[in-house]
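Peer 1: The structure that follows is given in the form of structure tokens.
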Protein chains: 2
Amino acid sequence: MKRGRFLIMATKIILPEAELPTKWYNIVPDLPSPPPAFLHPGTHEPVGPDDLAPLFPMDLILQEVSQDRFLDIPDEVLEIYRMWRPSPLYRAHGLERMIGGPARIYYKYEGVSPVGSHKPNTAVAQAFYNAKAGVKKLSTETGAGQWGSALAFACAMFGMECEVYQVRASYDQKPYRKAIIESYGGVIYPSPSTNTQYGRKVLEEDPDTPGSLGIAISEAVEVAATNEDVKYSLGSVLNHVLMHQTIIGEEALKQMAMVEETPDVIIGCIGGGSNFSGLVFPFIREKLAGKMEPVIRAVEPAAAPSLTKGSYQYDFGDTAGMTPLVKMHTLGHPFVPEPIHAGGLRYHGMAPLVSHLRQLDLIEAVALNQTETFTKAIEFARVEGIIPGPEPTHAVAEAMNEAERAKESGEEKVILFNLCGHGHFDMGAYQAFLGGELEDYEHPEERIQQAMARVPVVAG
Amino acid sequence: MKRGRFLIMATKIILPEAELPTKWYNIVPDLPSPPPAFLHPGTHEPVGPDDLAPLFPMDLILQEVSQDRFLDIPDEVLEIYRMWRPSPLYRAHGLERMIGGPARIYYKYEGVSPVGSHKPNTAVAQAFYNAKAGVKKLSTETGAGQWGSALAFACAMFGMECEVYQVRASYDQKPYRKAIIESYGGVIYPSPSTNTQYGRKVLEEDPDTPGSLGIAISEAVEVAATNEDVKYSLGSVLNHVLMHQTIIGEEALKQMAMVEETPDVIIGCIGGGSNFSGLVFPFIREKLAGKMEPVIRAVEPAAAPSLTKGSYQYDFGDTAGMTPLVKMHTLGHPFVPEPIHAGGLRYHGMAPLVSHLRQLDLIEAVALNQTETFTKAIEFARVEGIIPGPEPTHAVAEAMNEAERAKESGEEKVILFNLCGHGHFDMGAYQAFLGGELEDYEHPEERIQQAMARVPVVAG
């Protein structure tokens, strides 16, 4: 019989349910220096818990500034995690066979969640702590829609309301996200909307604006800040969000140990930073403890290259300047990335913790163009069977590039990457790619300079 | 803290990978009488293996007529099954809590496969046996696209080509299915197409025809019959297809035993019959052996009510009359069901084996309208977290109805149903439902009569 290069398939490495991690990992106390404080947007003084209280319940604020290395995952959250967790780790036999060479490739797959991505790991936790605090409704923003879908799902699980502001361009392009959010009982508005003062202001200046993630954040924050029963929920960037995602890496550590492997290179795609941090933080802990020596690499889109081309300085998380000032790699808060299909990576800034790790030289960063990432993702799908979401095509492509380099050098590398979601909701991106309609957007330098000129100068 | 009805969640019952069943179950030798033979469309004589050889490889033809109770699953197929199998069985705690009453509800979830449905269980097996026989290309039809996607995935795994004829109406409505099939390297044509003699004939008579599953089957069969390197692949109806799906029920039997439960009612949605048969055949074996007494119920759409309103007689599987004549519950091969969103259930006929079981009174059947099934599916999604595909909304709704009846009567029933796929590719259906635009199509009696008038009269 015909045995082709396609026959030897991915092997699923399943962690027994009894081994599901019961603690999140907080990397902050393990770092050689603490990350810089958040500053009040008006006073430029360090932000205290009370400043954040209009937006977040106290449990999450305390997690944001926690110095504990491990935090117990509440039983109510574990109960929901168990719907899809532990998630599988795959040995990419098909990919290895296709590439050839000595690399062994593993990927953690988060597409098994009810909304097809890693986002519910923090959405469920945030919904839980808000429900515990008696909050009736959460407001949030969403770009492509992964985060809004995840929060709507999580709110349904705890019987809460959910109000989502989706970037208008995506709202118009991706009507099915609206259907998902509404199926879970959430409500969704295109942003800018007439619901908020800021939204009305933006619409007045430009009624036909396609919106941006920064504008949508401003609207969702305003709704929470001006309504007592409503709190705000963010899908990435903040310390507590990244910490909730460490369940990914804690599982992966155990799964790699099950097959007696130690990664030499760990790769994740990066926009705000949450799926990357979720996988790599526990491995950085092991690295800092001298137990392994992996290279850790973030892959960002060339159209939003905050880690590779941004400045490390204080900037706002949103467009209106309502959020605290955070020290991070930024392209300038007015920067609106070109419309690449990886909507989840179209952000002007970067998680402050990830930026800090980059400054400490604990992680590397590269930027890739989407035509390359989709080319590689198609090759991946045909041997591994899974169609990656547009965001993790960046991780897939870099892992394949790393395996090619190992083939050239003859090094027996163990590569681990995060396949943080499937592409079933984003087949329009593949359709564009297969139809030869995918564009790259390089050289954003001039637009970055213009945006950076509008960033306030803050000491520190 | 607020503990609502939403808090107690589904519990995942995971079969250890070592317990993955290694045999498919063939129900035929266990039945009190054999199912009627297939007849040649021209001679009306029983079809022999040689008659089927232009369409299928000999391994699958022998499976079609096998009298063995169990058939070994080849290692190459098991290797791919292990990408997502064993699939989870869930205890529907959230649903039980919402409905109240004494019923305990379990569901087997097939949405974890790479294409989000149960279809790869047979697609992988069929691709394997064809690859083993040296076949270069498979042709097939698809309605909504679940089957075409599954076969394209399976062909990619074995390095084969795949040619899909998709019903034109669905091809135009669901462009993302094209993107999935092409991502896996398959090619897809709207049917009727100009590739085949039959397609050209239909187009000549009606250039604007929306097509039908029966027409698409005729085209795919013609391609295989007239090209030596091409074989045909069917996603349901035939004995070997149903047998490949029994991996679902074999796993579920073991999982129910893990929690020491015996089902009182087993429910699956039904169009051609494959997900229903896959779950229930192993349970019927146990029932025939006197080990349990479950009621087994197929749920069909009111718009294609072959089991509840069709005639049990010989008819063609396709519209052109190119397939063998099979004895089944049929609405008449020219019958084109109304455009309900459960495209996978829009078929004029029924698997001959399922029809035979219905005649033997081993199974029951009910028909539901789609407004009811989507209403229930939304309630399900909000407590269980998973958005069902349009087809299994029928199983979800009937399971919920059964639980309501148990609540009324006070009976402590154990209900098991097959959630054969997620709805991520079909959010347009939910969008239509949520927007109040979903229609029901009742009273197809007159159109059934017209179609039945064109069915050939065959003795037996």
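Ordered as shown in the structure tokens, chains take letters A, B, and onward, while each chain numbers its residues from 1 and ligands are numbered from 1 in the order shown.
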Can you pull out the residues contacting Asn275 of chain B? Cut-off 10 Å, using only C-alpha atoms, and skip same-chain residues under 5 positions away; I want them as a count of residues only.
Peer 2: 21
Peer 1: Pull out every residue of chain B sitting within 6 Å of chain A, counting only C-alpha atoms, and send them as a short mmCIF file (atom, residue, chain, number, x, y, z; two decimals) with all heavy atoms, in the first residue's frame.
Peer 2:
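As written to disk, iface-v1.cif reads:
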data_model
loop_
_atom_site.label_atom_id
_atom_site.label_comp_id
_atom_site.auth_asym_id
_atom_site.auth_seq_id
_atom_site.Cartn_x
_atom_site.Cartn_y
_atom_site.Cartn_z
N MET B 1 -21.87 34.40 47.85
CA MET B 1 -21.79 34.68 46.41
C MET B 1 -23.01 34.14 45.69
O MET B 1 -23.70 33.24 46.16
CB MET B 1 -20.48 34.08 45.84
CG MET B 1 -20.58 32.72 45.22
SD MET B 1 -19.34 32.53 43.93
CE MET B 1 -20.25 32.91 42.46
N PHE B 6 -26.94 28.43 36.72
CA PHE B 6 -25.97 28.25 35.66
C PHE B 6 -24.65 27.66 36.14
O PHE B 6 -23.80 27.35 35.37
CB PHE B 6 -25.68 29.59 34.98
CG PHE B 6 -26.87 30.11 34.26
CD1 PHE B 6 -27.75 30.97 34.88
CD2 PHE B 6 -27.14 29.67 32.97
CE1 PHE B 6 -28.87 31.43 34.21
CE2 PHE B 6 -28.26 30.13 32.30
CZ PHE B 6 -29.13 31.01 32.92
N LEU B 7 -24.52 27.56 37.47
CA LEU B 7 -23.18 27.30 37.96
C LEU B 7 -22.73 25.85 37.83
O LEU B 7 -21.59 25.58 37.49
CB LEU B 7 -23.03 27.78 39.39
CG LEU B 7 -21.58 28.05 39.73
CD1 LEU B 7 -21.04 29.15 38.83
CD2 LEU B 7 -21.42 28.43 41.16
N LYS B 12 -17.20 16.24 32.09
CA LYS B 12 -16.65 15.51 30.95
C LYS B 12 -16.25 14.11 31.43
O LYS B 12 -15.52 13.98 32.40
CB LYS B 12 -15.42 16.29 30.48
CG LYS B 12 -14.85 15.93 29.16
CD LYS B 12 -13.98 17.06 28.62
CE LYS B 12 -12.54 17.05 29.03
NZ LYS B 12 -12.06 17.82 30.08
N MET B 83 -6.26 11.61 16.90
CA MET B 83 -6.16 13.07 16.93
C MET B 83 -7.25 13.68 17.79
O MET B 83 -7.04 14.72 18.41
CB MET B 83 -6.31 13.64 15.51
CG MET B 83 -5.12 13.41 14.62
SD MET B 83 -5.43 14.20 13.03
CE MET B 83 -5.44 15.93 13.51
N PRO B 114 -11.35 17.55 13.73
CA PRO B 114 -10.78 18.71 13.05
C PRO B 114 -11.78 19.49 12.19
O PRO B 114 -11.57 20.67 11.94
CB PRO B 114 -9.68 18.12 12.16
CG PRO B 114 -9.31 16.84 12.81
CD PRO B 114 -10.57 16.32 13.45
N LYS B 132 -5.16 2.44 0.03
CA LYS B 132 -4.58 1.09 0.05
C LYS B 132 -4.76 0.42 -1.31
O LYS B 132 -3.90 -0.34 -1.77
CB LYS B 132 -5.29 0.28 1.15
CG LYS B 132 -4.68 -1.06 1.45
CD LYS B 132 -5.45 -1.75 2.59
CE LYS B 132 -5.17 -3.24 2.56
NZ LYS B 132 -6.28 -4.01 3.16
N ALA B 156 -6.41 14.54 2.47
CA ALA B 156 -5.13 15.20 2.76
C ALA B 156 -4.25 14.28 3.62
O ALA B 156 -3.04 14.17 3.40
CB ALA B 156 -5.36 16.54 3.46
N MET B 157 -4.87 13.61 4.57
CA MET B 157 -4.11 12.75 5.48
C MET B 157 -3.43 11.60 4.75
O MET B 157 -2.40 11.10 5.19
CB MET B 157 -5.03 12.20 6.58
CG MET B 157 -5.60 13.22 7.53
SD MET B 157 -4.35 14.20 8.44
CE MET B 157 -4.31 15.72 7.48
N PHE B 158 -4.02 11.16 3.62
CA PHE B 158 -3.44 10.04 2.87
C PHE B 158 -2.87 10.49 1.53
O PHE B 158 -2.59 9.67 0.66
CB PHE B 158 -4.48 8.93 2.68
CG PHE B 158 -4.83 8.24 3.96
CD1 PHE B 158 -5.98 8.60 4.66
CD2 PHE B 158 -3.99 7.28 4.51
CE1 PHE B 158 -6.29 7.99 5.87
CE2 PHE B 158 -4.29 6.66 5.72
CZ PHE B 158 -5.45 7.02 6.40
N GLY B 159 -2.73 11.81 1.36
CA GLY B 159 -2.10 12.34 0.15
C GLY B 159 -2.89 12.07 -1.12
O GLY B 159 -2.32 11.92 -2.20
N TYR B 176 -17.42 29.72 2.93
CA TYR B 176 -16.32 29.29 3.78
C TYR B 176 -16.07 27.78 3.67
O TYR B 176 -14.97 27.30 3.94
CB TYR B 176 -16.58 29.65 5.24
CG TYR B 176 -16.48 31.14 5.49
CD1 TYR B 176 -16.76 31.67 6.74
CD2 TYR B 176 -16.11 32.01 4.47
CE1 TYR B 176 -16.65 33.04 6.97
CE2 TYR B 176 -16.01 33.37 4.70
CZ TYR B 176 -16.28 33.88 5.94
OH TYR B 176 -16.18 35.23 6.17
N ALA B 179 -13.56 27.33 1.20
CA ALA B 179 -12.25 27.68 1.73
C ALA B 179 -11.67 26.53 2.55
O ALA B 179 -10.47 26.24 2.49
CB ALA B 179 -12.34 28.95 2.58
N SER B 183 -8.47 24.55 1.54
CA SER B 183 -7.34 24.57 2.48
C SER B 183 -6.76 23.17 2.64
O SER B 183 -5.54 23.02 2.81
CB SER B 183 -7.78 25.11 3.85
OG SER B 183 -8.07 26.49 3.76
N TYR B 184 -7.60 22.17 2.62
CA TYR B 184 -7.13 20.79 2.71
C TYR B 184 -6.66 20.25 1.35
O TYR B 184 -6.32 19.08 1.24
CB TYR B 184 -8.23 19.88 3.27
CG TYR B 184 -8.45 20.02 4.76
CD1 TYR B 184 -9.71 20.28 5.28
CD2 TYR B 184 -7.38 19.89 5.66
CE1 TYR B 184 -9.92 20.39 6.65
CE2 TYR B 184 -7.58 20.01 7.03
CZ TYR B 184 -8.85 20.26 7.52
OH TYR B 184 -9.05 20.37 8.87
N ILE B 378 -30.60 27.12 21.66
CA ILE B 378 -30.12 28.36 22.30
C ILE B 378 -30.15 28.18 23.83
O ILE B 378 -29.20 28.54 24.53
CB ILE B 378 -31.00 29.55 21.89
CG1 ILE B 378 -30.76 29.91 20.43
CG2 ILE B 378 -30.77 30.74 22.82
CD1 ILE B 378 -29.62 30.87 20.19
N ARG B 382 -26.70 28.17 26.34
CA ARG B 382 -26.52 29.10 27.46
C ARG B 382 -26.26 28.40 28.79
O ARG B 382 -25.80 29.03 29.73
CB ARG B 382 -27.72 30.05 27.56
CG ARG B 382 -27.74 31.00 26.38
CD ARG B 382 -28.88 31.99 26.43
NE ARG B 382 -28.91 32.74 25.16
CZ ARG B 382 -29.83 33.64 24.85
NH1 ARG B 382 -30.79 33.92 25.70
NH2 ARG B 382 -29.78 34.25 23.68
N ILE B 386 -21.92 24.80 24.69
CA ILE B 386 -21.64 24.37 23.32
C ILE B 386 -22.81 24.77 22.41
O ILE B 386 -23.97 24.51 22.74
CB ILE B 386 -21.43 22.84 23.26
CG1 ILE B 386 -20.22 22.45 24.10
CG2 ILE B 386 -21.26 22.38 21.80
CD1 ILE B 386 -20.06 20.94 24.29
N MET B 427 -23.36 29.58 11.81
CA MET B 427 -23.93 30.63 12.65
C MET B 427 -24.96 31.46 11.89
O MET B 427 -25.79 32.14 12.51
CB MET B 427 -22.83 31.52 13.23
CG MET B 427 -21.94 30.81 14.25
SD MET B 427 -22.80 29.85 15.55
CE MET B 427 -23.76 31.15 16.35
N GLN B 431 -28.19 33.22 13.34
CA GLN B 431 -28.46 34.62 13.02
C GLN B 431 -29.91 34.77 12.52
O GLN B 431 -30.64 35.66 12.95
CB GLN B 431 -27.49 35.04 11.92
CG GLN B 431 -27.36 36.51 11.72
CD GLN B 431 -26.30 36.80 10.65
OE1 GLN B 431 -25.92 35.91 9.87
NE2 GLN B 431 -25.82 38.01 10.63
#
Peer 1: Given the choices B:Arg168, B:Lys231, B:His93, B:His348, which gets closest to Thr209 of chain B if the distance is worked out from only C-alpha atoms?
Peer 2: B:Arg168
Peer 1: Show me, as a ChimeraX atom specification, the residues that have an atom within 12 Å of Glu398 of chain A when counting only C-alpha atoms, minus same-chain residues fewer than 4 positions from it.
Peer 2: /A:105,265-269,296-301,365-370,372-377,380,392-394,402-405,415-419
Peer 1: Residues within 8 Å of segment 224-226 of chain B, please, as a list in words. Count only C-alpha atoms; anything in the same chain fewer than 5 positions from it doesn't count.
Peer 2: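 Listed by chain and then number, they are Pro54, Leu55, Leu138, Ser139, Lys231 and Tyr232 of chain B.
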Peer 1: Keeping only N, CA, C and O atoms, write those residues as a compact mmCIF listing (two decimals), in the first residue's frame.
Peer 2:
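Saved as part_0.txt:
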# COMPACT_ATOMS: atom_id res chain seq x y z
N PRO B 54 -16.80 -0.47 -9.88
CA PRO B 54 -16.39 0.81 -10.47
C PRO B 54 -16.42 1.96 -9.47
O PRO B 54 -15.73 2.95 -9.65
N LEU B 55 -17.23 1.83 -8.42
CA LEU B 55 -17.42 2.95 -7.49
C LEU B 55 -16.59 2.85 -6.22
O LEU B 55 -16.17 3.86 -5.66
N LEU B 138 -10.80 10.74 -4.90
CA LEU B 138 -12.17 10.41 -4.52
C LEU B 138 -13.10 11.52 -4.97
O LEU B 138 -12.76 12.71 -4.87
N SER B 139 -14.28 11.13 -5.47
CA SER B 139 -15.31 12.12 -5.78
C SER B 139 -16.45 11.95 -4.80
O SER B 139 -16.72 10.84 -4.33
N LYS B 231 -12.55 6.92 -7.45
CA LYS B 231 -13.64 6.17 -6.83
C LYS B 231 -14.58 7.16 -6.17
O LYS B 231 -14.26 8.34 -6.00
N TYR B 232 -15.74 6.64 -5.78
CA TYR B 232 -16.79 7.46 -5.19
C TYR B 232 -16.84 7.21 -3.69
O TYR B 232 -16.54 6.11 -3.22
Peer 1: Rounded to one decimal in Å, what is the spacing between atom CA of Leu89 of chain A and atom CA of Tyr109 of chain A?
Peer 2: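 It comes out at 6.1 Å.
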Peer 1: Could you pull out the residues in segment 120-293 of chain A that DSSP calls strand (DSSP E or B) from the backbone, as a list of chain:residue names?
Peer 2: A:Lys137, A:Leu138, A:Ser139, A:Thr140, A:Glu141, A:Thr142, A:Glu161, A:Cys162, A:Glu163, A:Val164, A:Tyr165, A:Gln166, A:Val167, A:Val187, A:Ile188, A:Tyr189, A:Pro190, A:Ser191, A:Val230, A:Lys231, A:Tyr232, A:Val265, A:Ile266, A:Ile267, A:Gly268, A:Cys269
Peer 1: Find the residues near Lys413 of chain A: any atom within 7 Å, counting only C-alpha atoms, skip ones fewer than 5 places away on the same chain, and give them as a PyMOL selection string.
Peer 2: chain A and resi 102-104+264+406
Peer 1: So that I have them on file, write out the residues from the current selection with all heavy atoms, as a JSON list (two decimals), in the first residue's frame.
Peer 2:
[["chain", "number", "residue", "atom", "x", "y", "z"],
["A", 102, "PRO", "N", 16.13, 16.95, 11.90],
["A", 102, "PRO", "CA", 16.13, 16.33, 13.22],
["A", 102, "PRO", "C", 15.17, 16.95, 14.24],
["A", 102, "PRO", "O", 15.08, 16.45, 15.36],
["A", 102, "PRO", "CB", 17.57, 16.53, 13.68],
["A", 102, "PRO", "CG", 18.00, 17.81, 13.02],
["A", 102, "PRO", "CD", 17.23, 17.92, 11.74],
["A", 103, "ALA", "N", 14.47, 18.05, 13.90],
["A", 103, "ALA", "CA", 13.63, 18.71, 14.91],
["A", 103, "ALA", "C", 12.45, 17.84, 15.32],
["A", 103, "ALA", "O", 11.85, 17.16, 14.49],
["A", 103, "ALA", "CB", 13.13, 20.06, 14.39],
["A", 104, "ARG", "N", 12.14, 17.87, 16.61],
["A", 104, "ARG", "CA", 10.90, 17.28, 17.10],
["A", 104, "ARG", "C", 9.98, 18.43, 17.50],
["A", 104, "ARG", "O", 10.38, 19.31, 18.26],
["A", 104, "ARG", "CB", 11.17, 16.35, 18.29],
["A", 104, "ARG", "CG", 12.04, 15.16, 17.92],
["A", 104, "ARG", "CD", 12.03, 14.07, 18.99],
["A", 104, "ARG", "NE", 12.63, 14.46, 20.24],
["A", 104, "ARG", "CZ", 13.94, 14.58, 20.47],
["A", 104, "ARG", "NH1", 14.81, 14.33, 19.50],
["A", 104, "ARG", "NH2", 14.39, 14.94, 21.65],
["A", 264, "ASP", "N", 13.70, 23.18, 23.51],
["A", 264, "ASP", "CA", 14.83, 24.07, 23.23],
["A", 264, "ASP", "C", 14.35, 25.43, 22.76],
["A", 264, "ASP", "O", 15.02, 26.44, 22.95],
["A", 264, "ASP", "CB", 15.72, 23.45, 22.14],
["A", 264, "ASP", "CG", 16.34, 22.14, 22.60],
["A", 264, "ASP", "OD1", 17.01, 22.15, 23.66],
["A", 264, "ASP", "OD2", 16.13, 21.12, 21.93],
["A", 406, "ALA", "N", 16.85, 24.04, 11.90],
["A", 406, "ALA", "CA", 17.43, 22.87, 12.56],
["A", 406, "ALA", "C", 17.88, 21.84, 11.52],
["A", 406, "ALA", "O", 18.89, 21.16, 11.68],
["A", 406, "ALA", "CB", 16.43, 22.26, 13.53]]
